[in-house]
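S.K.: PDB, C-alpha atoms, file model-v2.pdb:
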ATOM      1  CA  MET A 366     -79.602  10.226 -14.553
ATOM      2  CA  ALA A 367     -83.291   9.401 -14.854
ATOM      3  CA  ARG A 368     -85.675  11.624 -12.916
ATOM      4  CA  VAL A 369     -88.831  10.733 -11.018
ATOM      5  CA  VAL A 370     -91.381  13.413 -10.124
ATOM      6  CA  ALA A 371     -93.972  12.623  -7.457
ATOM      7  CA  TYR A 372     -96.799  14.413  -5.650
ATOM      8  CA  ILE A 373     -96.884  13.203  -2.048
ATOM      9  CA  ASP A 374     -98.153  15.322   0.812
ATOM     10  CA  ASP A 375     -96.975  12.915   3.507
ATOM     11  CA  LEU A 376     -93.458  13.770   4.663
ATOM     12  CA  PHE A 377     -92.707  10.182   5.727
ATOM     13  CA  PHE A 378     -93.497   8.831   2.268
ATOM     14  CA  GLN A 379     -91.625  11.691   0.588
ATOM     15  CA  MET A 380     -88.487  10.566   2.403
ATOM     16  CA  LYS A 381     -89.175   6.912   1.649
ATOM     17  CA  LEU A 382     -89.544   7.634  -2.066
ATOM     18  CA  ALA A 383     -86.428   9.820  -2.120
ATOM     19  CA  GLU A 384     -84.296   7.213  -0.351
ATOM     20  CA  THR A 385     -85.546   4.369  -2.534
ATOM     21  CA  ALA A 386     -84.916   6.390  -5.694
ATOM     22  CA  LYS A 387     -81.412   7.252  -4.498
ATOM     23  CA  HIS A 388     -80.609   3.571  -3.962
ATOM     24  CA  LEU A 389     -81.777   2.869  -7.505
ATOM     25  CA  GLY A 390     -79.637   5.661  -8.958
ATOM     26  CA  LEU A 391     -82.617   7.878  -9.785
ATOM     27  CA  GLU A 392     -83.082  11.567  -9.189
ATOM     28  CA  ALA A 393     -86.288  12.076  -7.197
ATOM     29  CA  LYS A 394     -88.181  15.337  -7.058
ATOM     30  CA  VAL A 395     -91.095  15.342  -4.639
ATOM     31  CA  ALA A 396     -93.778  18.002  -4.357
ATOM     32  CA  GLY A 397     -95.959  18.454  -1.316
ATOM     33  CA  ASN A 398     -98.566  20.623  -3.040
ATOM     34  CA  ALA A 399    -100.008  21.198  -6.493
ATOM     35  CA  GLU A 400     -98.067  24.401  -7.183
ATOM     36  CA  SER A 401     -94.762  22.724  -6.370
ATOM     37  CA  LEU A 402     -95.677  19.797  -8.595
ATOM     38  CA  LEU A 403     -96.268  22.068 -11.581
ATOM     39  CA  GLN A 404     -92.910  23.733 -11.008
ATOM     40  CA  LEU A 405     -91.204  20.342 -10.923
ATOM     41  CA  LEU A 406     -92.848  19.273 -14.163
ATOM     42  CA  ASP A 407     -91.911  22.500 -15.917
ATOM     43  CA  PRO A 408     -88.770  23.853 -14.240
ATOM     44  CA  LEU A 409     -88.123  26.657 -16.733
ATOM     45  CA  PRO A 410     -91.032  29.125 -16.421
ATOM     46  CA  ALA A 411     -88.654  31.863 -15.233
ATOM     47  CA  LEU A 412     -86.756  31.605 -18.509
ATOM     48  CA  GLU A 413     -89.919  32.178 -20.506
ATOM     49  CA  ALA A 414     -90.914  35.061 -18.233
ATOM     50  CA  VAL A 415     -87.557  36.781 -18.763
ATOM     51  CA  GLN A 416     -87.841  36.360 -22.527
ATOM     52  CA  ARG A 417     -91.249  38.087 -22.424
ATOM     53  CA  LEU A 418     -89.930  40.744 -20.056
ATOM     54  CA  ARG A 419     -87.092  41.533 -22.457
ATOM     55  CA  ALA A 420     -89.653  42.264 -25.174
ATOM     56  CA  VAL A 421     -91.183  45.082 -23.127
ATOM     57  CA  GLN A 422     -88.254  46.131 -20.896
ATOM     58  CA  PRO A 423     -85.074  45.457 -22.884
ATOM     59  CA  ASN A 424     -82.826  47.555 -20.598
ATOM     60  CA  LEU A 425     -83.965  46.085 -17.289
ATOM     61  CA  ARG A 426     -81.151  44.311 -15.411
ATOM     62  CA  VAL A 427     -82.057  40.681 -14.678
ATOM     63  CA  VAL A 428     -79.984  38.659 -12.215
ATOM     64  CA  GLY A 429     -80.568  34.968 -11.558
ATOM     65  CA  PHE A 430     -79.140  32.528  -9.060
ATOM     66  CA  LEU A 431     -79.097  28.758  -8.863
ATOM     67  CA  SER A 432     -77.117  25.840  -7.573
ATOM     68  CA  HIS A 433     -73.504  25.845  -8.745
ATOM     69  CA  VAL A 434     -74.019  22.445 -10.377
ATOM     70  CA  GLU A 435     -76.832  23.662 -12.659
ATOM     71  CA  THR A 436     -74.491  24.713 -15.458
ATOM     72  CA  GLU A 437     -76.877  23.731 -18.255
ATOM     73  CA  LEU A 438     -79.682  25.793 -16.711
ATOM     74  CA  ALA A 439     -77.283  28.730 -16.273
ATOM     75  CA  ALA A 440     -76.474  28.645 -19.987
ATOM     76  CA  LYS A 441     -80.181  28.537 -20.854
ATOM     77  CA  ALA A 442     -80.818  31.480 -18.527
ATOM     78  CA  ARG A 443     -78.171  33.570 -20.268
ATOM     79  CA  LEU A 444     -79.693  32.734 -23.635
ATOM     80  CA  ALA A 445     -83.133  33.679 -22.304
ATOM     81  CA  GLY A 446     -81.887  37.161 -21.433
ATOM     82  CA  PHE A 447     -80.530  37.113 -17.886
ATOM     83  CA  ASP A 448     -77.751  39.687 -17.540
ATOM     84  CA  GLU A 449     -76.057  37.692 -14.800
ATOM     85  CA  VAL A 450     -76.456  34.141 -13.564
ATOM     86  CA  MET A 451     -74.518  33.149 -10.488
ATOM     87  CA  PRO A 452     -74.295  30.436  -7.882
ATOM     88  CA  ARG A 453     -76.558  30.911  -4.872
ATOM     89  CA  SER A 454     -73.521  31.415  -2.608
ATOM     90  CA  LYS A 455     -72.170  34.281  -4.730
ATOM     91  CA  PHE A 456     -75.629  35.818  -4.942
ATOM     92  CA  SER A 457     -75.932  35.721  -1.143
ATOM     93  CA  MET A 458     -72.471  37.181  -0.661
ATOM     94  CA  HIS A 459     -73.104  40.067  -3.063
ATOM     95  CA  LEU A 460     -76.792  40.625  -2.280
ATOM     96  CA  PRO A 461     -76.285  44.124  -0.807
ATOM     97  CA  GLN A 462     -74.417  45.273  -3.928
ATOM     98  CA  ILE A 463     -76.971  43.651  -6.254
ATOM     99  CA  LEU A 464     -79.871  45.355  -4.485
ATOM    100  CA  ALA A 465     -78.057  48.701  -4.344
ATOM    101  CA  ALA A 466     -77.399  48.517  -8.090
ATOM    102  CA  ALA A 467     -81.068  47.693  -8.710
ATOM    103  CA  ALA A 468     -82.181  50.637  -6.568
ATOM    104  CA  HIS A 469     -79.748  52.935  -8.394
ATOM    105  CA  GLN A 470     -81.126  51.778 -11.748
ATOM    106  CA  GLN A 471     -84.650  52.766 -10.668
ATOM    107  CA  GLU A 472     -83.743  56.260  -9.425
ATOM    108  CA  PRO A 473     -85.249  59.071 -11.518
ATOM    109  CA  ARG A 474     -82.727  60.808 -13.730
TER     110      ARG A 474
END
Output the file's structure in the form of structure tokens.
M.R.:
Amino acid sequence: MARVVAYIDDLFFQMKLAETAKHLGLEAKVAGNAESLLQLLDPLPALEAVQRLRAVQPNLRVVGFLSHVETELAAKARLAGFDEVMPRSKFSMHLPQILAAAAHQQEPR
């Protein structure tokens, strides 16, 4: 599916663009500010950050979450060095355990 990225700070026109794109069979991503626009244009900065992090902290546990339909991005995340990549729903369900494990990892030994 073709993707359209737009920078529109007017909510009415954001919805208009999204609906029109949907009717045309296009995926529309709309940003309301400059920072969001840059993230839409380059949606993988976290992957690069984790690759750099691995160079200096190879034993640090890295957990990522995303939409369950983003299977290609999940595979890229694993290749970039994420220890775990899970759907947002699973991440939410297991958040207490994930945070407890992170805290345990940081305890002095």
S.K.: As an MDAnalysis selection string, please: the residues near region 408-424 of chain A (cut-off 7 Å, all atoms listed in the file, same-chain neighbours under 6 positions excluded).
M.R.: chainID A and resid 442 445:446
S.K.: With only C-alpha atoms as the atoms that count, which of A:Ala367, A:Val395, A:Met451, A:Leu403 lies nearest to Phe430 (chain A)?
M.R.: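 Looking only at the distances to Phe430 (chain A), the closest residue turns out to be A:Met451.
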S.K.: Would you translate the PyMOL selection byres ((chain A and resi 373) around 8) into the concrete set of residues it matches in this file, as number ranges by chain?
M.R.: A: 371-372, 374-376, 378-379, 395-398
S.K.: Using the chain letters and residue numbers of this document, give as a PDB file with C-alpha atoms, keeping the file's coordinate frame the residues selected by the PyMOL selection byres ((chain A and resi 433) around 8).
M.R.:
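The resulting file, part01.pdb, is reproduced below:
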ATOM      1  CA  LEU A 431     -79.097  28.758  -8.863  1.00  0.00           C
ATOM      2  CA  SER A 432     -77.117  25.840  -7.573  1.00  0.00           C
ATOM      3  CA  VAL A 434     -74.019  22.445 -10.377  1.00  0.00           C
ATOM      4  CA  GLU A 435     -76.832  23.662 -12.659  1.00  0.00           C
ATOM      5  CA  THR A 436     -74.491  24.713 -15.458  1.00  0.00           C
ATOM      6  CA  MET A 451     -74.518  33.149 -10.488  1.00  0.00           C
ATOM      7  CA  PRO A 452     -74.295  30.436  -7.882  1.00  0.00           C
ATOM      8  CA  ARG A 453     -76.558  30.911  -4.872  1.00  0.00           C
TER       9      ARG A 453
END
S.K.: Got a sec: who's within 12 Å of Leu389 (chain A), counting all atoms listed in the file, leaving out chain neighbours fewer than 6 positions off, as a list in words?
M.R.: Met366, Ala367, Arg368, Val369, Leu382 and Ala383 of chain A
S.K.: Of the candidates A:Ala465, A:Lys441, A:Glu384, A:Asp448, which one gets nearest to Val427 (chain A) if we count all atoms listed in the file?
M.R.: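 Result for the nearest residue to Val427 (chain A): A:Asp448.
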S.K.: Measure the distance from CA of Gly429 (chain A) to CA of Ile463 (chain A) in Å and round it to one decimal.
M.R.: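 Computing it gives 10.8 Å between the two atoms.
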S.K.: Box along x, y and z, 4 Å on every side, all listed atoms of region 396-410 of chain A inside: centre and edge lengths in Å to one decimal, as lines of an AutoDock Vina configuration file.
M.R.:
center_x = -94.1
center_y = 23.6
center_z = -9.0
size_x = 19.9
size_y = 19.1
size_z = 23.4
S.K.: Which one is closest to Leu406 (chain A): A:Ala393, A:Val370, A:Leu460, A:Val428? Count only C-alpha atoms.
M.R.: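 Using only C-alpha atoms, the shortest distance to Leu406 (chain A) belongs to A:Val370.
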S.K.: Mind giving me the straight-line distance from CA of Glu437 (chain A) to CA of Leu391 (chain A) in Å, one decimal?
M.R.: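 Going from CA of Glu437 (chain A) over to CA of Leu391 (chain A) covers 18.9 Å.
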S.K.: Provide the CA of His388 (chain A) to CA of Ala439 (chain A) distance in Å, to one decimal place.
M.R.: 28.2 Å
S.K.: How would region 394-419 of chain A read, as an mmCIF file, in the frame of the given file, once N, CA, C and O atoms are built in?
M.R.:
data_model
loop_
_atom_site.group_PDB
_atom_site.id
_atom_site.type_symbol
_atom_site.label_atom_id
_atom_site.label_comp_id
_atom_site.auth_asym_id
_atom_site.auth_seq_id
_atom_site.Cartn_x
_atom_site.Cartn_y
_atom_site.Cartn_z
ATOM 1 N N LYS A 394 -87.661 14.019 -7.403
ATOM 2 C CA LYS A 394 -88.181 15.337 -7.058
ATOM 3 C C LYS A 394 -89.573 15.111 -6.516
ATOM 4 O O LYS A 394 -90.423 14.517 -7.183
ATOM 5 N N VAL A 395 -89.817 15.587 -5.296
ATOM 6 C CA VAL A 395 -91.095 15.342 -4.639
ATOM 7 C C VAL A 395 -91.744 16.669 -4.297
ATOM 8 O O VAL A 395 -91.120 17.547 -3.714
ATOM 9 N N ALA A 396 -93.005 16.804 -4.663
ATOM 10 C CA ALA A 396 -93.778 18.002 -4.357
ATOM 11 C C ALA A 396 -94.805 17.687 -3.285
ATOM 12 O O ALA A 396 -95.409 16.619 -3.301
ATOM 13 N N GLY A 397 -94.984 18.625 -2.374
ATOM 14 C CA GLY A 397 -95.959 18.454 -1.316
ATOM 15 C C GLY A 397 -97.261 19.175 -1.568
ATOM 16 O O GLY A 397 -98.217 19.042 -0.810
ATOM 17 N N ASN A 398 -97.318 19.955 -2.670
ATOM 18 C CA ASN A 398 -98.566 20.623 -3.040
ATOM 19 C C ASN A 398 -98.621 20.778 -4.555
ATOM 20 O O ASN A 398 -97.627 20.561 -5.254
ATOM 21 N N ALA A 399 -99.786 21.152 -5.044
ATOM 22 C CA ALA A 399 -100.008 21.198 -6.493
ATOM 23 C C ALA A 399 -99.105 22.219 -7.187
ATOM 24 O O ALA A 399 -98.580 21.957 -8.269
ATOM 25 N N GLU A 400 -98.908 23.374 -6.571
ATOM 26 C CA GLU A 400 -98.067 24.401 -7.183
ATOM 27 C C GLU A 400 -96.627 23.915 -7.343
ATOM 28 O O GLU A 400 -96.003 24.095 -8.377
ATOM 29 N N SER A 401 -96.121 23.273 -6.303
ATOM 30 C CA SER A 401 -94.762 22.724 -6.370
ATOM 31 C C SER A 401 -94.644 21.650 -7.440
ATOM 32 O O SER A 401 -93.638 21.559 -8.134
ATOM 33 N N LEU A 402 -95.684 20.843 -7.573
ATOM 34 C CA LEU A 402 -95.677 19.797 -8.595
ATOM 35 C C LEU A 402 -95.562 20.397 -9.988
ATOM 36 O O LEU A 402 -94.761 19.946 -10.807
ATOM 37 N N LEU A 403 -96.323 21.438 -10.265
ATOM 38 C CA LEU A 403 -96.268 22.068 -11.581
ATOM 39 C C LEU A 403 -94.889 22.647 -11.854
ATOM 40 O O LEU A 403 -94.392 22.568 -12.971
ATOM 41 N N GLN A 404 -94.254 23.195 -10.831
ATOM 42 C CA GLN A 404 -92.910 23.733 -11.008
ATOM 43 C C GLN A 404 -91.896 22.615 -11.275
ATOM 44 O O GLN A 404 -90.958 22.811 -12.037
ATOM 45 N N LEU A 405 -92.112 21.467 -10.674
ATOM 46 C CA LEU A 405 -91.204 20.342 -10.923
ATOM 47 C C LEU A 405 -91.369 19.798 -12.329
ATOM 48 O O LEU A 405 -90.407 19.363 -12.957
ATOM 49 N N LEU A 406 -92.599 19.798 -12.823
ATOM 50 C CA LEU A 406 -92.848 19.273 -14.163
ATOM 51 C C LEU A 406 -92.333 20.209 -15.233
ATOM 52 O O LEU A 406 -91.943 19.784 -16.312
ATOM 53 N N ASP A 407 -92.364 21.501 -14.954
ATOM 54 C CA ASP A 407 -91.911 22.500 -15.917
ATOM 55 C C ASP A 407 -90.953 23.448 -15.216
ATOM 56 O O ASP A 407 -91.342 24.528 -14.791
ATOM 57 N N PRO A 408 -89.680 23.070 -15.059
ATOM 58 C CA PRO A 408 -88.770 23.853 -14.240
ATOM 59 C C PRO A 408 -88.224 25.123 -14.888
ATOM 60 O O PRO A 408 -87.390 25.775 -14.315
ATOM 61 N N LEU A 409 -88.693 25.497 -16.065
ATOM 62 C CA LEU A 409 -88.123 26.657 -16.733
ATOM 63 C C LEU A 409 -89.079 27.841 -16.932
ATOM 64 O O LEU A 409 -88.852 28.644 -17.811
ATOM 65 N N PRO A 410 -90.137 28.003 -16.151
ATOM 66 C CA PRO A 410 -91.032 29.125 -16.421
ATOM 67 C C PRO A 410 -90.348 30.475 -16.264
ATOM 68 O O PRO A 410 -90.719 31.431 -16.931
ATOM 69 N N ALA A 411 -89.356 30.596 -15.409
ATOM 70 C CA ALA A 411 -88.654 31.863 -15.233
ATOM 71 C C ALA A 411 -87.948 32.265 -16.527
ATOM 72 O O ALA A 411 -87.879 33.453 -16.862
ATOM 73 N N LEU A 412 -87.432 31.290 -17.251
ATOM 74 C CA LEU A 412 -86.756 31.605 -18.509
ATOM 75 C C LEU A 412 -87.728 32.213 -19.504
ATOM 76 O O LEU A 412 -87.425 33.200 -20.172
ATOM 77 N N GLU A 413 -88.899 31.645 -19.604
ATOM 78 C CA GLU A 413 -89.919 32.178 -20.506
ATOM 79 C C GLU A 413 -90.369 33.560 -20.061
ATOM 80 O O GLU A 413 -90.591 34.452 -20.882
ATOM 81 N N ALA A 414 -90.500 33.759 -18.761
ATOM 82 C CA ALA A 414 -90.914 35.061 -18.233
ATOM 83 C C ALA A 414 -89.881 36.136 -18.572
ATOM 84 O O ALA A 414 -90.244 37.253 -18.963
ATOM 85 N N VAL A 415 -88.601 35.805 -18.450
ATOM 86 C CA VAL A 415 -87.557 36.781 -18.763
ATOM 87 C C VAL A 415 -87.550 37.089 -20.250
ATOM 88 O O VAL A 415 -87.368 38.244 -20.650
ATOM 89 N N GLN A 416 -87.773 36.107 -21.086
ATOM 90 C CA GLN A 416 -87.841 36.360 -22.527
ATOM 91 C C GLN A 416 -88.967 37.342 -22.843
ATOM 92 O O GLN A 416 -88.788 38.272 -23.631
ATOM 93 N N ARG A 417 -90.119 37.163 -22.218
ATOM 94 C CA ARG A 417 -91.249 38.087 -22.424
ATOM 95 C C ARG A 417 -90.947 39.463 -21.849
ATOM 96 O O ARG A 417 -91.290 40.483 -22.427
ATOM 97 N N LEU A 418 -90.305 39.483 -20.690
ATOM 98 C CA LEU A 418 -89.930 40.744 -20.056
ATOM 99 C C LEU A 418 -88.991 41.533 -20.956
ATOM 100 O O LEU A 418 -89.131 42.752 -21.094
ATOM 101 N N ARG A 419 -88.043 40.874 -21.555
ATOM 102 C CA ARG A 419 -87.092 41.533 -22.457
ATOM 103 C C ARG A 419 -87.800 42.221 -23.628
ATOM 104 O O ARG A 419 -87.324 43.243 -24.125
#
